[in-house]
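Accompanying notes for the structure given below.
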Amino acid sequence: MDFLRPASWDEALAAKAEHPTAVPIAGGTDVMVEINFDRRRPEYLLDLNRVADLYEWEVGTDTVRLGASVPYSKIMESLRAELPGLALASHTVASPQIRNRGGVGGNLGTASPAGDAHPALLAAGAEVEVASAARGTRLIPIDEFYTGVKRNALRPDELIRAVHVKKADGPQQYAKVGTRNAMVIAVCAFGLALHPGTRTVRTGIGSAAPTPVRATAAEEFLAAALEEGGFWDNGKIITPAAAKRFADLCAAACNPIDDVRGTASYRRHAVGVMARRTLTWTWESYRGARRTTEGAA
Amino acid sequence: MRVNLTVNGRPQEADDVWEGESLLYVLRERLGLPGSKNACEQGECGSCTVRLDGVPVCACLVAAGQAEGREVVTVEGLADHARERSRSGCATGVRGTPLDEARAWQAEGPDAQAAEGSGLSPVQQAFIDAGAVQCGFCTPGLLVASDELLERNPDPSDADIREALSGNLCRCTGYEKIMDAVRLAAARRSEGV
């Protein structure tokens, strides 16, 4: 095994171009487990810890460009206002020790359907910035990024530089089912973002299909129901029937399996419950904010 | 490969390090510092918790080469780290814990009085006094995590303590005493004991 230690992003891309089989390692919270358990013996380890750019983020007008290695603990601390869904998801990642090392780039690189960041990214709307020495930078829409179980749209000579996440323009929520609060791989997870600016809603489902997925039929149903009833303007309570229909459509978007963490039918059920709850939380928050801005008692 | 790093304030070098080796293996097997425990090797248990450039991490998940040029504090250097912290600002000449001292380190003193000058950090003394050590395997990781919590947050709520220690498992299930120990260390600090 060779240990490659590029000191800059350009050096990292050059190393990846020269050794396309090199396994990038940043926080190490996925890669080192595989090495420790002898599940993986890469020819080259490509250490990204010295590439300082990957630890930075920039808050723009519409998006946050989040460096691939920014640890979850930093996202929780510093980006709660801009990326509330992702900050909540970050807080559910493993333990403080892991959150101090791991970042979204690793979640995307591993592309496990159970990765905690995925539902939040899908719900907020995001693009993954990847680059190669030969072809430069390209942006992959998050909806096209996950291509299969632990597979993503990266080419062998590409590395993940950052993820561009849309800044929240409305309430966002995240829920995760597991046996305890810390150190849990999601049985299933759900992210929801209201986008009052475009009068749309977006969802993200984790660990209940071969890849993280959105419940697009549920999103379309809810957007139409909110529009039709003038809910965005009148701020009324969402009817239980509409919430139930939304939850059922989210459950229907799952394609889960039975495994040690839970059964397929439990996952479907739990996603429905999380969808209904997160809808209530976000909508109540939207109504509350509306009342505050309009000064109604 | 060779890895150069600072461990407990002193520069160290490890030779013949395998590229896929963890920082934990380097500490235990190359530098002879077995305080950080090796258990799950997957970041679940926290018994290998060390500070890497000040940040608590699982040493089993840091590749040895990633520690090149960085500063590591292990449980063996915790007392010294706490002393340096409390007198920070004063020039103290030689700092850090040399390897031979770290290897010979042992806890002494059954109570706070006897521990005067015996080389325990406040959080270590609190663990002893509160009876927070059963089999002792998880203790080093918990000490490093607790010490970092109190450094950051001198007056933590119970929820803060549970959150900060949520990555450390105690198979003896001695969590209540561990909570007591952290509360005790915080209380002593606020009283200036």
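In the structure tokens, the first chain shown is A, the next is B, and so on; residue numbers restart at 1 for each chain, and ligands run from 1 in the order shown.
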
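Near chain B, within 8 Å and counting only C-alpha atoms, the residues of chain A are Met1, Asp2, Phe3, Gly27, Gly28, Thr29, Met32, Val33, Ile35, Asn36, Phe37, Leu45, Asp47, Asn49, Ala94, Ser95, Pro96, Gln97, Ile98, Asn100, Arg101, Ala182 and Met183 of chain A.
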
> Which residues come within 9 Å of segment 190-205 of chain A, counting only C-alpha atoms, excluding same-chain residues fewer than 6 positions away, as a PyMOL selection string?
Replying inline: chain A and resi 85-86+89+113+118-125+168-177+211-216+218-220+222-224+226-227+232+250+253-254+271+274-275+278-279+282-283+286

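If you measure from each of A:Tyr266, A:Lys236, A:Thr280, A:Ala217 to Leu249 of chain A using only C-alpha atoms, the closest one turns out to be A:Ala217.
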
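For Val59 of chain A, the non-local neighbours within 9 Å, defined as residues at least 5 positions apart in the same chain or in other chains and counting only C-alpha atoms, are A:Val64, A:Arg65, A:Leu66, A:Glu82, A:Lys167.
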
>> Restricting the calculation to only C-alpha atoms: of B:Ala126, B:Asn8, B:Gly136, B:Leu150, which residue gets closest to Glu101 of chain B?
In response: B:Asn8

>> Please extract the residues of segment 9-177 of chain B with a backbone DSSP assignment of strand (DSSP E) and present them as an NGL selection string.
In response: :B and (10-14 or 49-52 or 55-58 or 71-73)

Expected file contents, prior selection, N, CA and C atoms, as an mmCIF file, in the first residue's frame:
data_model
loop_
_atom_site.group_PDB
_atom_site.id
_atom_site.type_symbol
_atom_site.label_atom_id
_atom_site.label_comp_id
_atom_site.auth_asym_id
_atom_site.auth_seq_id
_atom_site.Cartn_x
_atom_site.Cartn_y
_atom_site.Cartn_z
ATOM 1 N N ARG B 10 5.704 16.156 23.346
ATOM 2 C CA ARG B 10 7.082 15.851 22.939
ATOM 3 C C ARG B 10 7.092 15.296 21.512
ATOM 4 N N PRO B 11 8.077 15.721 20.704
ATOM 5 C CA PRO B 11 8.168 15.160 19.350
ATOM 6 C C PRO B 11 8.539 13.675 19.402
ATOM 7 N N GLN B 12 7.865 12.866 18.594
ATOM 8 C CA GLN B 12 8.154 11.436 18.547
ATOM 9 C C GLN B 12 8.231 11.015 17.099
ATOM 10 N N GLU B 13 8.940 9.923 16.843
ATOM 11 C CA GLU B 13 8.890 9.363 15.502
ATOM 12 C C GLU B 13 8.701 7.862 15.574
ATOM 13 N N ALA B 14 7.901 7.375 14.640
ATOM 14 C CA ALA B 14 7.631 5.941 14.577
ATOM 15 C C ALA B 14 8.126 5.441 13.234
ATOM 16 N N THR B 49 -10.235 7.113 22.373
ATOM 17 C CA THR B 49 -10.323 8.571 22.191
ATOM 18 C C THR B 49 -9.035 9.291 22.600
ATOM 19 N N VAL B 50 -8.512 10.096 21.687
ATOM 20 C CA VAL B 50 -7.351 10.954 21.958
ATOM 21 C C VAL B 50 -7.685 12.348 21.421
ATOM 22 N N ARG B 51 -6.862 13.330 21.760
ATOM 23 C CA ARG B 51 -7.020 14.659 21.156
ATOM 24 C C ARG B 51 -6.068 14.735 19.970
ATOM 25 N N LEU B 52 -6.580 15.114 18.810
ATOM 26 C CA LEU B 52 -5.755 15.329 17.629
ATOM 27 C C LEU B 52 -5.832 16.819 17.305
ATOM 28 N N VAL B 55 -8.692 18.238 19.190
ATOM 29 C CA VAL B 55 -10.052 17.772 18.943
ATOM 30 C C VAL B 55 -10.169 16.286 19.317
ATOM 31 N N PRO B 56 -11.188 15.908 20.078
ATOM 32 C CA PRO B 56 -11.346 14.487 20.416
ATOM 33 C C PRO B 56 -11.716 13.664 19.181
ATOM 34 N N VAL B 57 -10.968 12.602 18.965
ATOM 35 C CA VAL B 57 -11.217 11.723 17.816
ATOM 36 C C VAL B 57 -10.986 10.283 18.249
ATOM 37 N N CYS B 58 -11.490 9.356 17.454
ATOM 38 C CA CYS B 58 -11.179 7.946 17.671
ATOM 39 C C CYS B 58 -9.854 7.662 16.963
ATOM 40 N N GLU B 71 -0.449 17.193 16.522
ATOM 41 C CA GLU B 71 -0.288 17.049 17.977
ATOM 42 C C GLU B 71 -1.337 16.119 18.550
ATOM 43 N N VAL B 72 -0.850 15.135 19.297
ATOM 44 C CA VAL B 72 -1.740 14.153 19.893
ATOM 45 C C VAL B 72 -1.597 14.218 21.412
ATOM 46 N N VAL B 73 -2.715 14.204 22.114
ATOM 47 C CA VAL B 73 -2.680 14.054 23.574
ATOM 48 C C VAL B 73 -3.403 12.758 23.914
#

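Nearest residue to Leu143 of chain B among B:Arg83, B:Val75, B:Leu120, B:Leu5 is B:Val75, counting only C-alpha atoms.
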